[in-house]
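Q: Below are the structure tokens for one structure; questions will follow.
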Amino acid sequence: MTNQQTWIGKSVHRVDAPAKLKGEPVYMTDRPLENPCFGRVLRSRYPHARILRIDTAKASALPGVICVLTHKDVPGLNGFGIVIPDQPVLCFDKVRMMGDALALVAAETPEIAAAALDLIEVDYEPLPIVDDALAAIMPGSPLVHETGNIHLRTVIRRGEVAQAFAEAAVVVDHVYFTPRQAHMFLETEGGVGQLMPNGELHIWCPAQAAFRDRLQVARLLGWDPERIREYSSPSGGAFGGKDELTVQHYLALLALHTGGRPVKIHLSREESTVAGIKRHPFMVQMRTAAAADGTFLAQEAFVVADTGAYASLGGPVLNLAIEHIGGVYRFPSLNVEGYCVYTNNGISGAFRGFGVPQVLVALESNIDEIARRLGRDPLDLRRQNLIQRGDLSAIGNPMTTGVGNQAVLEALENSPTWKERTAKKAAVTDPWKRRGVGIGLCMQGLGLGKGIPDYGAAVIELLPGGKFKVGISIQEIGTGNQTAYAQFAAEALGCDVADVEVIQGDTGYSADAGTVTATRSVFTGGKAIQITAEKMVALLRSTGAESYAAAYAVARERGLETKVRGSFAWPEADEEIPGAFGLPHHIYGYGAQAALVEVDTLTGEVQVLEVASVVDTGKSINPMGVEGQSEGGVAQGVGLALMEDTVVREGRFLNANMSNYIIPTAGDVPKVETFIVEVHEEKGPSGAKGMGEVPIVPTMPAIFGAIYDAVGVQMFRAPATPERVYMAMMGDPSATEDTPALRARIAEGRRAGLAAQLHQTEGEGYAQPKGPEDEEA
Amino acid sequence: MKVTVAVNGTYYTREVEPRLLLSDFLRHELGLTGTHVGCEHGVCGACTVLVDGQAVRSCLTFAVQMDGAAVTTVEGLTPAEGELHPLQEAFREAHGLQCGFCTAGFLMTLVPYLAEHPNPSEAEIREALSGNICRCTGYQNIVKAVQLAAAKGGGR
């Protein structure tokens with residue numbers, strides 16, 4: 001953009017900072033309540049069991065208990081789930097994970113509610129569990145759902161794969177494992193439900209999809225959605241973990257039985273960890289072929305994602321992972337078989353990166369090995385294989401929008417972390433420590449993808465004195481979009497940011513612009529606000545007034561509507577990828593990182609010293625906000641690579657609290673230097689794309705590459721804990737998981753997966769995955 | 001049990017259960033919800049308040065222990081309507097918060113720290129912050145905020 005802009009591209013201070021800094025009750029779980037009562041959820045005692053009996057008589061009789069509810073009290077559909085409603089609101093026939101809900105209690109105090117939970121009698125008949133995703137595919141495995149353990153199978157084949165591998169000079173083939181990362185947002189799931197005097201149900205709950213939440217709640221109540229109002233912004237952190245219903249369904253049911261009193265639920269940290277969604281653990285077997293001159297020839301992968309007991313967004317997570325299986329590189333041939341499977345391991349769902357970090361670590365690590373075996377510089381080898389605009393991506397998507405991989409690679413090459421790596425590595429002080437530098441490149445599909453309704457909408461209201469209220473459903477979960485929206489509005493309306501109040505996440509005021517997911521909030525909100533602002537400008541003109549303040553007076557005098565609405569549909573790819581629901585995406589964000597690490601050879605401990613983080617944002621709306629997202633993404637990436645895993649054994653959680661689920665502190669997070677590159681996206685608002693997920697993606701491969709550079713061992717399982725790094729350095733056999741036995745199981749899993757007869761998945765828009773017979777035809 | 005405690009300069013006398021945590025006392029009895037509870041185990045530091053000027057985790061402290069003490073919460077840090085404490089202002093300027101849920105704990109940890117260490121190095125700041133968890137920012141801008149506050153006079 002050549003025209004001068006006042007607000008776009010400026011590091012405006014967060015508009016929500018003062019209230020948050022002063023400790024004002026901006027969060028839903030801090031809401032002051034008049035005469036509240038307190039709700040609790042009875043969770044399962046077993047990861048998999050038949051329910052024989054639920055008796056609530058004693059609990060109901062406890063003084064101070066207001067109501068005890070079971071599945072019999074769910075008036076509508078006893079199921080929820082973003083894509084398919086396979087998760088019971090309250091379980092009735094069996095439980096499938098430790099976080100499953102069986103009953104709800106509302107009581108005068110939290111203590112009475114807790115005591116009442118203990119008085120609910122449940123008889124279980126424990127069932128065999130399946131706690132290994134690969135095992136879940138095999139015939140004879142215990143079934144989590146009667147329809148089979150394979151929730152989604154996605155197979156994409158392109159080009160002459162066998163021939164490519166036969167002709168390759170180098171073939172690298174490894175198996176990688178990534179952990180069940182927990183979101184660990186500081187504000188656990190919670191909120192308030194209340195039946196209002198006008199008969200409406202109001203829910204205050206930090207969330208990521210207000211209108212979809214309302215639809216899901218309406219469905220389980222058997223209500224008209226218009227009778228329900230959800231307030232869902234801001235949130236004390238979300239990262240995808242509040243995309244699914246968290247407690248809205250429980251609040252709704254309880255609020256129908258508390259006589260109009262507000263009922264509050266606020267999950268404990270342990271309950272949040274056990275019942276809430278996690279990052280899908282992945283097993284990725286990846287085989288990559290390259291020619292002697294370094295040209296990538298073929299990519300073959302077998303991907304298994306553990307979605308736990310229920311689908312949530314497991315299908316889309318698998319498919320986004322598969323879409324990015326070739327990263328930012330050209331691969332003329334591809335053979336990928338992906339499975340999203342049910343187990344009794346809690347539940348997985350959306351988490352920043354949405355499957356992409358899980359496969360990218362495999363790809364980038366394989367590329368590093370190809371570079372070593374060909375004697376090539378790893379950055380140079382990557383450059384040689386970059387997708388160009390107009391190329392097909394690995395899955396066959398024509399890349400017709402702004403491709404930023406070249407720009408991020410060049411910025412990375414010029415970053416001090418990469419450029420001065422020799423000196424930085426030599427600066428190690430202790431003789432038992434070794435330093436290394438590694439890199440990772442990524443892209444990340446923005447928006448919901450082909451065939452999935454994706455749209456934006458906003459309302460703008462003219463207020464007295466020429467001020468504005470902007471309503472948009474997309475929530476402020478910490479990313480800074482409230483500030484970005486104020487900037488978009490101020491720019492388009494020609495006013496000051498301070499004159500714009502942004503109302504988010506309120507179904508009673510904000511227009512439905514979908515979810516705060518998929519790095520779509522800047523694009524969606526920005527575009528919606530710009531389109532809506534045009535209507536406000538037209539209103540100003542129609543009044544003939546010279547200022548908005550005057551226009552307001554004229555509009556009132558003439559009885560004109562002072563609230564305008566606008567909407568648009570997201571651009572999407574022309575052709576879908578056959579057999580892959582939601583693929584491809586049309587617009588991608590790009591990132592690249594270099595990590596400098598220091599490995600203690602005596603303990604295996606890895607300290608990340610610095611990370612250069614390059615982000616292609618399209619036009620950067622608020623550079624300070626971009627830097628903040630970049631630094632936060634890297635921190636989560638460091639946790640993913642080195643520290644974090646929700647350990648679930650036989651379906652039970654071993655580290656559900658922050659005292660044993662360790663996330664990075666200020667002492668663990670490196671110095672992050674962010675480099676913003678702006679590859680203009682003509683379809684985006686002011687050329688912007690979005691970037692929130694991008695920075696978590698390249699961190700893990702960059703760190704793994706750096707560990708190899710430092711001590712000469714490749715890590716195949718994240719997190720790379722000191723024990724794992726040490727054992728790998730020692731050449732201990734326990735460090736080698738890629739055994740003939742595992743390869744045999746993988747071969748068996750591939751056969752079983754392709755042979756499995758899949759049930760038509762019920763629900764909205766899920767196509768029957770393509771079977772092997774179709775592939776041959 | 002009866003407890004009399006000064007919170008943000010106001011005396012409160014309340015009859016409380018002996019097991020009532022200070023965090024719950026502040027949030028539920030007094031309605032001071034600026035103090036957040038993130039982990040309930042003294043790990044995350046979100047619930048940090050000042051007790052007689054020292055940073056204390058209110059989730060690990062019983063309300064009855066506060067008898068006769070002076071407690072300051074984030075609400076007490078803010079000087080007057082519309083204004084921010086210098087440390088709060090530094091957080092705003094340096095973009096030292098995102099979701100903001102952990103922020104009160106950082107502020108209350110830093111107030112006594114900066115009083116004792118007016119010119120900390122970056123490494124010292126990171127050490128001082130390492131008992132507080134932030135899941136959004138990656139800490140870098142929090143460190144910058146502390147440096148900014150220190151440069152402007154210790155954030156007092």
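Chain identifiers are assigned as A, B, and so on, following the order in which chains appear in the structure tokens; residues are numbered from 1 within each chain, and ligands are numbered from 1 in order of appearance.
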Select, as a short mmCIF file (atom, residue, chain, number, x, y, z; two decimals) with N, CA, C and O atoms, in the first residue's frame, those residues of chain A with any atom no more than 8 Å from chain B (distances computed using only C-alpha atoms).
A:
```
data_model
loop_
_atom_site.label_atom_id
_atom_site.label_comp_id
_atom_site.auth_asym_id
_atom_site.auth_seq_id
_atom_site.Cartn_x
_atom_site.Cartn_y
_atom_site.Cartn_z
N HIS A 13 -0.68 0.84 21.42
CA HIS A 13 -0.75 0.11 22.69
C HIS A 13 -2.08 -0.63 22.80
O HIS A 13 -3.11 -0.15 22.32
N ARG A 14 -2.04 -1.76 23.45
CA ARG A 14 -3.26 -2.56 23.60
C ARG A 14 -4.38 -1.73 24.22
O ARG A 14 -4.19 -1.14 25.28
N ALA A 17 -5.34 -2.94 27.76
CA ALA A 17 -4.31 -3.01 28.80
C ALA A 17 -4.72 -2.35 30.12
O ALA A 17 -4.56 -2.96 31.17
N PRO A 18 -5.23 -1.12 30.11
CA PRO A 18 -5.50 -0.48 31.40
C PRO A 18 -6.43 -1.29 32.31
O PRO A 18 -6.12 -1.50 33.49
N LYS A 20 -7.11 -4.48 32.30
CA LYS A 20 -6.47 -5.72 32.76
C LYS A 20 -5.38 -5.44 33.78
O LYS A 20 -5.23 -6.17 34.76
N LEU A 21 -4.63 -4.37 33.56
CA LEU A 21 -3.54 -4.04 34.49
C LEU A 21 -4.06 -3.60 35.84
O LEU A 21 -3.43 -3.82 36.87
N LYS A 22 -5.23 -2.99 35.84
CA LYS A 22 -5.78 -2.52 37.11
C LYS A 22 -6.52 -3.62 37.86
O LYS A 22 -6.98 -3.41 38.98
N GLY A 23 -6.66 -4.76 37.25
CA GLY A 23 -7.34 -5.86 37.95
C GLY A 23 -8.85 -5.71 37.93
O GLY A 23 -9.55 -6.25 38.79
N GLU A 24 -9.36 -4.98 36.96
CA GLU A 24 -10.82 -4.84 36.86
C GLU A 24 -11.44 -6.18 36.45
O GLU A 24 -10.80 -6.98 35.78
N PRO A 25 -12.68 -6.40 36.85
CA PRO A 25 -13.29 -7.72 36.59
C PRO A 25 -13.72 -7.87 35.14
O PRO A 25 -14.90 -7.91 34.82
N ASP A 30 -14.58 -13.68 36.81
CA ASP A 30 -14.45 -12.67 37.87
C ASP A 30 -15.75 -11.87 38.06
O ASP A 30 -15.80 -10.96 38.87
N PRO A 32 -18.90 -10.13 39.16
CA PRO A 32 -19.60 -10.03 40.45
C PRO A 32 -21.03 -10.59 40.29
O PRO A 32 -21.69 -10.29 39.30
N MET A 184 -2.79 -25.20 29.03
CA MET A 184 -2.39 -24.54 30.28
C MET A 184 -2.60 -23.03 30.22
O MET A 184 -1.76 -22.26 30.68
N PHE A 185 -3.72 -22.62 29.63
CA PHE A 185 -4.11 -21.22 29.77
C PHE A 185 -4.26 -20.95 31.25
O PHE A 185 -4.61 -21.84 32.03
N LEU A 186 -3.95 -19.72 31.67
CA LEU A 186 -3.95 -19.43 33.11
C LEU A 186 -5.37 -19.42 33.68
O LEU A 186 -5.58 -19.78 34.82
N GLU A 187 -6.32 -18.99 32.88
CA GLU A 187 -7.72 -19.01 33.36
C GLU A 187 -8.35 -20.34 32.96
O GLU A 187 -8.62 -20.58 31.78
N THR A 188 -8.58 -21.20 33.93
CA THR A 188 -9.23 -22.47 33.61
C THR A 188 -10.66 -22.21 33.15
O THR A 188 -11.22 -21.13 33.35
N PRO A 234 -13.36 -11.12 27.25
CA PRO A 234 -12.12 -11.76 26.87
C PRO A 234 -11.92 -13.08 27.62
O PRO A 234 -12.67 -13.43 28.51
N SER A 235 -10.86 -13.73 27.23
CA SER A 235 -10.51 -15.00 27.83
C SER A 235 -9.12 -14.90 28.43
O SER A 235 -8.25 -14.24 27.86
N GLY A 236 -8.92 -15.56 29.55
CA GLY A 236 -7.59 -15.60 30.17
C GLY A 236 -6.74 -16.67 29.52
O GLY A 236 -6.27 -17.58 30.18
N GLY A 237 -6.59 -16.58 28.22
CA GLY A 237 -5.82 -17.55 27.44
C GLY A 237 -6.72 -18.63 26.89
O GLY A 237 -7.71 -19.02 27.52
N SER A 268 -11.21 -26.63 38.50
CA SER A 268 -9.89 -26.65 39.12
C SER A 268 -8.87 -26.95 38.03
O SER A 268 -9.23 -27.42 36.93
N ARG A 269 -7.62 -26.69 38.31
CA ARG A 269 -6.58 -26.97 37.32
C ARG A 269 -6.58 -28.45 36.94
O ARG A 269 -6.49 -28.80 35.77
N GLU A 476 -11.41 -11.70 22.01
CA GLU A 476 -10.05 -11.34 22.43
C GLU A 476 -9.57 -12.43 23.39
O GLU A 476 -10.04 -12.51 24.53
N ILE A 477 -8.69 -13.30 22.91
CA ILE A 477 -8.18 -14.36 23.79
C ILE A 477 -6.76 -14.05 24.23
O ILE A 477 -6.06 -14.91 24.75
N GLY A 478 -6.36 -12.82 23.99
CA GLY A 478 -5.02 -12.39 24.39
C GLY A 478 -4.16 -11.96 23.22
O GLY A 478 -3.14 -11.31 23.39
N THR A 479 -4.61 -12.30 22.01
CA THR A 479 -3.77 -12.07 20.84
C THR A 479 -3.61 -10.60 20.47
O THR A 479 -2.69 -10.24 19.75
N GLY A 480 -4.54 -9.77 20.94
CA GLY A 480 -4.48 -8.36 20.60
C GLY A 480 -5.41 -7.97 19.47
O GLY A 480 -5.32 -6.88 18.93
N MET A 624 4.04 -4.35 17.13
CA MET A 624 4.33 -4.73 18.52
C MET A 624 3.51 -5.96 18.91
O MET A 624 3.99 -6.85 19.61
N GLY A 625 2.27 -6.01 18.42
CA GLY A 625 1.44 -7.18 18.67
C GLY A 625 2.00 -8.42 17.98
O GLY A 625 1.98 -9.51 18.54
N GLY A 628 4.86 -9.73 19.96
CA GLY A 628 4.37 -10.42 21.16
C GLY A 628 3.88 -11.82 20.84
O GLY A 628 4.17 -12.78 21.57
N GLN A 629 3.14 -11.95 19.73
CA GLN A 629 2.67 -13.28 19.33
C GLN A 629 3.83 -14.18 18.94
O GLN A 629 3.82 -15.37 19.20
N GLU A 631 6.95 -14.02 20.08
CA GLU A 631 7.67 -14.43 21.29
C GLU A 631 6.87 -15.48 22.07
O GLU A 631 7.44 -16.46 22.56
N GLY A 632 5.57 -15.30 22.15
CA GLY A 632 4.75 -16.26 22.87
C GLY A 632 4.68 -17.60 22.16
O GLY A 632 4.67 -18.66 22.79
N GLY A 633 4.63 -17.55 20.84
CA GLY A 633 4.60 -18.80 20.06
C GLY A 633 5.88 -19.58 20.22
O GLY A 633 5.87 -20.80 20.39
N VAL A 634 7.00 -18.88 20.19
CA VAL A 634 8.29 -19.55 20.38
C VAL A 634 8.35 -20.19 21.77
O VAL A 634 8.80 -21.33 21.92
N ALA A 635 7.86 -19.47 22.77
CA ALA A 635 7.88 -20.02 24.14
C ALA A 635 7.09 -21.33 24.20
O ALA A 635 7.53 -22.31 24.81
N GLN A 636 5.92 -21.35 23.57
CA GLN A 636 5.13 -22.59 23.56
C GLN A 636 5.83 -23.66 22.74
O GLN A 636 5.73 -24.85 23.03
N ASN A 657 -1.44 -31.31 37.07
CA ASN A 657 -1.31 -30.00 37.71
C ASN A 657 -0.04 -29.29 37.26
O ASN A 657 0.88 -29.91 36.73
N MET A 658 0.01 -28.00 37.50
CA MET A 658 1.18 -27.24 37.07
C MET A 658 2.42 -27.58 37.89
O MET A 658 3.53 -27.21 37.52
N SER A 659 2.21 -28.28 39.01
CA SER A 659 3.38 -28.69 39.81
C SER A 659 4.13 -29.83 39.14
O SER A 659 5.31 -30.04 39.40
N ILE A 663 5.71 -26.03 32.38
CA ILE A 663 5.77 -25.17 31.19
C ILE A 663 6.90 -24.16 31.38
O ILE A 663 7.33 -23.89 32.49
N PRO A 664 7.40 -23.63 30.28
CA PRO A 664 8.58 -22.77 30.36
C PRO A 664 8.35 -21.51 31.21
O PRO A 664 7.29 -20.89 31.15
N THR A 665 9.38 -21.18 31.97
CA THR A 665 9.37 -19.93 32.73
C THR A 665 10.30 -18.93 32.03
O THR A 665 10.91 -19.26 31.01
N ALA A 666 10.41 -17.76 32.65
CA ALA A 666 11.28 -16.73 32.08
C ALA A 666 12.73 -17.21 31.98
O ALA A 666 13.50 -16.71 31.18
N GLY A 667 13.08 -18.20 32.81
CA GLY A 667 14.43 -18.73 32.77
C GLY A 667 14.65 -19.75 31.67
O GLY A 667 15.78 -20.08 31.31
N VAL A 669 12.90 -19.61 28.58
CA VAL A 669 12.58 -19.06 27.26
C VAL A 669 13.75 -18.23 26.77
O VAL A 669 14.29 -17.42 27.50
N LYS A 671 16.02 -15.56 24.35
CA LYS A 671 15.86 -14.25 23.73
C LYS A 671 15.32 -14.50 22.32
O LYS A 671 15.87 -15.30 21.57
N VAL A 672 14.22 -13.85 21.99
CA VAL A 672 13.62 -14.03 20.67
C VAL A 672 13.74 -12.73 19.89
O VAL A 672 13.35 -11.66 20.37
#
```
Q: Which polymer residues have any atom within 8 Å of an atom of region 241-258 of chain A, counting only C-alpha atoms, with same-chain residues fewer than 3 positions away left out, as a ChimeraX atom specification?
A: /A:37,39,41,66-67,69,73-74,80-82,89,104-106,183,189-195,201,203,205-209,213,217,220-221,238,261-265,276-278,312,349-351,515-517
Q: Using C-alpha atoms, can you write the selected residues to a file as a CSV table (one decimal), in the first residue's frame?
A:
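Dumped to result.csv:
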```csv
chain,number,residue,atom,x,y,z
A,37,CYS,CA,-25.0,-20.8,43.5
A,39,GLY,CA,-22.1,-25.9,40.1
A,41,VAL,CA,-19.4,-31.7,37.4
A,66,ILE,CA,-30.3,-27.1,44.7
A,67,CYS,CA,-30.4,-29.7,41.9
A,69,LEU,CA,-28.9,-33.5,37.0
A,73,ASP,CA,-32.3,-34.0,32.4
A,74,VAL,CA,-30.9,-33.2,29.0
A,80,PHE,CA,-21.9,-32.1,21.4
A,81,GLY,CA,-18.9,-31.6,19.2
A,82,ILE,CA,-17.8,-29.1,16.7
A,89,VAL,CA,-23.3,-33.9,27.5
A,104,LEU,CA,-24.2,-32.0,37.5
A,105,VAL,CA,-24.8,-30.4,40.9
A,106,ALA,CA,-25.8,-26.9,41.9
A,183,HIS,CA,-2.8,-25.6,26.6
A,189,GLU,CA,-12.6,-23.1,32.0
A,190,GLY,CA,-15.4,-21.5,33.9
A,191,GLY,CA,-18.3,-19.1,33.8
A,192,VAL,CA,-21.8,-18.3,34.8
A,193,GLY,CA,-25.2,-19.3,33.5
A,194,GLN,CA,-28.5,-17.5,34.4
A,195,LEU,CA,-32.1,-17.8,33.3
A,201,LEU,CA,-30.7,-17.9,29.0
A,203,ILE,CA,-24.1,-17.6,29.5
A,205,CYS,CA,-18.0,-18.1,29.5
A,206,PRO,CA,-14.6,-17.4,27.9
A,207,ALA,CA,-14.8,-19.1,24.5
A,208,GLN,CA,-13.7,-19.0,20.9
A,209,ALA,CA,-16.9,-19.5,18.9
A,213,ASP,CA,-21.5,-22.4,21.1
A,217,VAL,CA,-26.3,-25.2,23.6
A,220,LEU,CA,-28.9,-29.9,23.6
A,221,LEU,CA,-31.7,-27.8,25.3
A,238,ALA,CA,-7.2,-20.1,25.1
A,261,ARG,CA,-30.2,-17.5,40.3
A,262,PRO,CA,-26.8,-17.3,38.5
A,263,VAL,CA,-24.9,-20.5,38.7
A,264,LYS,CA,-21.1,-20.5,38.5
A,265,ILE,CA,-18.7,-23.2,37.5
A,276,GLY,CA,-10.2,-30.4,28.6
A,277,ILE,CA,-8.8,-30.9,25.2
A,278,LYS,CA,-5.1,-31.3,24.3
A,312,SER,CA,-13.9,-32.6,18.5
A,349,GLY,CA,-8.6,-31.0,19.7
A,350,ALA,CA,-7.6,-27.6,18.6
A,351,PHE,CA,-4.2,-26.2,19.7
A,515,THR,CA,-14.3,-18.4,15.4
A,516,VAL,CA,-11.0,-17.1,16.8
A,517,THR,CA,-9.1,-20.0,15.3
```
Q: Residues at most 6 Å from Leu22 (chain B), counting only C-alpha atoms, excluding those fewer than 4 positions away in the same chain, as a list in words?
A: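 In the requested format, the answer is Ser58, Thr61, Phe62 and Ala63 of chain B.
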Q: Among region 414-496 of chain A, which residues carry a DSSP assignment of alpha helix (DSSP H), reported as a PyMOL selection string?
A: chain A and resi 416-419+421-426+481-493
Q: Between A:Cys442, A:Ala490, A:Val361, A:Ala551, which one has atoms that come closest to Glu693 (chain A), using only C-alpha atoms?
A: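 With only C-alpha atoms as the atom set, the closest residue is A:Cys442.
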Q: I'd like to know which residues of chain B are strand (DSSP E or B) (by DSSP, run on the backbone); could you write them as a ChimeraX atom specification?
A: /B:2-7,10-15,21,48-51,54-57,62,70-72
Q: Output N, CA and C atoms of each residue in that selection to a file, as a PDB file, in the first residue's frame.
A:
```pdb
ATOM      1  N   LYS B   2     -12.456 -15.363  63.752  1.00  0.00           N
ATOM      2  CA  LYS B   2     -12.543 -13.949  63.392  1.00  0.00           C
ATOM      3  C   LYS B   2     -11.176 -13.466  62.884  1.00  0.00           C
ATOM      4  N   VAL B   3     -11.200 -12.716  61.813  1.00  0.00           N
ATOM      5  CA  VAL B   3      -9.959 -12.160  61.291  1.00  0.00           C
ATOM      6  C   VAL B   3     -10.181 -10.682  60.967  1.00  0.00           C
ATOM      7  N   THR B   4      -9.197  -9.900  61.393  1.00  0.00           N
ATOM      8  CA  THR B   4      -9.232  -8.480  61.045  1.00  0.00           C
ATOM      9  C   THR B   4      -8.001  -8.176  60.201  1.00  0.00           C
ATOM     10  N   VAL B   5      -8.236  -7.668  59.036  1.00  0.00           N
ATOM     11  CA  VAL B   5      -7.141  -7.465  58.092  1.00  0.00           C
ATOM     12  C   VAL B   5      -7.358  -6.167  57.328  1.00  0.00           C
ATOM     13  N   ALA B   6      -6.264  -5.479  57.094  1.00  0.00           N
ATOM     14  CA  ALA B   6      -6.343  -4.261  56.269  1.00  0.00           C
ATOM     15  C   ALA B   6      -6.041  -4.657  54.835  1.00  0.00           C
ATOM     16  N   VAL B   7      -6.991  -4.442  53.958  1.00  0.00           N
ATOM     17  CA  VAL B   7      -6.763  -4.747  52.547  1.00  0.00           C
ATOM     18  C   VAL B   7      -6.865  -3.454  51.757  1.00  0.00           C
ATOM     19  N   THR B  10      -8.161  -0.532  53.734  1.00  0.00           N
ATOM     20  CA  THR B  10      -9.452  -0.583  54.414  1.00  0.00           C
ATOM     21  C   THR B  10      -9.454  -1.764  55.378  1.00  0.00           C
ATOM     22  N   TYR B  11      -9.922  -1.530  56.619  1.00  0.00           N
ATOM     23  CA  TYR B  11      -9.993  -2.622  57.584  1.00  0.00           C
ATOM     24  C   TYR B  11     -11.256  -3.449  57.383  1.00  0.00           C
ATOM     25  N   TYR B  12     -11.088  -4.757  57.396  1.00  0.00           N
ATOM     26  CA  TYR B  12     -12.231  -5.668  57.300  1.00  0.00           C
ATOM     27  C   TYR B  12     -12.158  -6.630  58.476  1.00  0.00           C
ATOM     28  N   THR B  13     -13.273  -6.846  59.118  1.00  0.00           N
ATOM     29  CA  THR B  13     -13.357  -7.897  60.129  1.00  0.00           C
ATOM     30  C   THR B  13     -14.396  -8.896  59.666  1.00  0.00           C
ATOM     31  N   ARG B  14     -13.962 -10.165  59.589  1.00  0.00           N
ATOM     32  CA  ARG B  14     -14.855 -11.191  59.062  1.00  0.00           C
ATOM     33  C   ARG B  14     -14.737 -12.469  59.892  1.00  0.00           C
ATOM     34  N   GLU B  15     -15.838 -13.180  59.947  1.00  0.00           N
ATOM     35  CA  GLU B  15     -15.848 -14.512  60.546  1.00  0.00           C
ATOM     36  C   GLU B  15     -15.602 -15.494  59.398  1.00  0.00           C
ATOM     37  N   LEU B  21      -8.796 -20.024  52.158  1.00  0.00           N
ATOM     38  CA  LEU B  21      -7.557 -19.484  51.616  1.00  0.00           C
ATOM     39  C   LEU B  21      -7.662 -17.977  51.457  1.00  0.00           C
ATOM     40  N   THR B  48      -0.371 -13.822  43.473  1.00  0.00           N
ATOM     41  CA  THR B  48       0.538 -13.116  44.369  1.00  0.00           C
ATOM     42  C   THR B  48      -0.046 -11.773  44.844  1.00  0.00           C
ATOM     43  N   VAL B  49       0.029 -11.547  46.141  1.00  0.00           N
ATOM     44  CA  VAL B  49      -0.367 -10.265  46.744  1.00  0.00           C
ATOM     45  C   VAL B  49       0.742  -9.838  47.693  1.00  0.00           C
ATOM     46  N   LEU B  50       0.648  -8.627  48.190  1.00  0.00           N
ATOM     47  CA  LEU B  50       1.619  -8.180  49.189  1.00  0.00           C
ATOM     48  C   LEU B  50       1.026  -8.340  50.576  1.00  0.00           C
ATOM     49  N   VAL B  51       1.794  -8.945  51.466  1.00  0.00           N
ATOM     50  CA  VAL B  51       1.424  -9.015  52.880  1.00  0.00           C
ATOM     51  C   VAL B  51       2.507  -8.277  53.646  1.00  0.00           C
ATOM     52  N   GLN B  54       5.540  -7.723  51.530  1.00  0.00           N
ATOM     53  CA  GLN B  54       6.236  -8.860  50.918  1.00  0.00           C
ATOM     54  C   GLN B  54       5.308  -9.605  49.970  1.00  0.00           C
ATOM     55  N   ALA B  55       5.895 -10.092  48.875  1.00  0.00           N
ATOM     56  CA  ALA B  55       5.096 -10.857  47.914  1.00  0.00           C
ATOM     57  C   ALA B  55       4.780 -12.236  48.487  1.00  0.00           C
ATOM     58  N   VAL B  56       3.493 -12.589  48.466  1.00  0.00           N
ATOM     59  CA  VAL B  56       3.030 -13.837  49.069  1.00  0.00           C
ATOM     60  C   VAL B  56       2.024 -14.476  48.121  1.00  0.00           C
ATOM     61  N   ARG B  57       2.053 -15.810  48.046  1.00  0.00           N
ATOM     62  CA  ARG B  57       1.061 -16.507  47.199  1.00  0.00           C
ATOM     63  C   ARG B  57      -0.220 -16.699  48.003  1.00  0.00           C
ATOM     64  N   PHE B  62      -3.595 -19.003  54.448  1.00  0.00           N
ATOM     65  CA  PHE B  62      -4.946 -18.991  54.997  1.00  0.00           C
ATOM     66  C   PHE B  62      -5.346 -17.563  55.368  1.00  0.00           C
ATOM     67  N   ALA B  70      -1.394  -6.230  56.832  1.00  0.00           N
ATOM     68  CA  ALA B  70      -1.816  -5.313  55.766  1.00  0.00           C
ATOM     69  C   ALA B  70      -1.590  -6.010  54.432  1.00  0.00           C
ATOM     70  N   VAL B  71      -2.672  -6.180  53.696  1.00  0.00           N
ATOM     71  CA  VAL B  71      -2.611  -6.861  52.405  1.00  0.00           C
ATOM     72  C   VAL B  71      -2.830  -5.845  51.293  1.00  0.00           C
ATOM     73  N   THR B  72      -2.000  -5.952  50.260  1.00  0.00           N
ATOM     74  CA  THR B  72      -2.217  -5.105  49.084  1.00  0.00           C
ATOM     75  C   THR B  72      -2.446  -6.006  47.872  1.00  0.00           C
TER      76      THR B  72
END
```
Q: Hey, which of A:Ala362, A:Leu102, A:Ala305, A:Leu334 ends up closest to Gly705 (chain A)? Count only C-alpha atoms.
A: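 Looking at the shortest contact to Gly705 (chain A), the residue is A:Ala362.
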Q: Excluding region 111-123 of chain A and any residue of its chain fewer than 3 positions from it, enumerate the residues within 9 Å of it, using only C-alpha atoms, and give them as a ChimeraX atom specification.
A: /A:38-42,50-65,68,102-108
Q: Show which residues sit within 8 Å of His48 (chain A), as a ChimeraX atom specification. Count only C-alpha atoms, and ignore same-chain residues fewer than 3 positions away.
A: /A:94-98,126-129,144,344
Q: Could you check how far CA of Gly153 (chain B) sits from CA of Phe106 (chain B), in Å to one decimal?
A: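 These atoms are spaced 17.9 Å apart.
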Q: Tell me which protein, DNA and RNA residues are within 12 Å of Ala136 (chain A), counting only C-alpha atoms, leaving out same-chain ones fewer than 6 positions away, and put them as JSON, numbers by chain.
A: {"A": [128, 129, 130, 142, 143, 144, 145, 148, 149, 150, 151, 304, 305, 306, 307, 308, 309, 339, 340, 341, 342, 343, 344, 345, 745, 748, 749, 750, 752, 753, 756]}
Q: What is the CA of Asp732 (chain A) to CA of Gly712 (chain A) distance in Å?
A: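 Computing it gives 14.2 Å between the two atoms.
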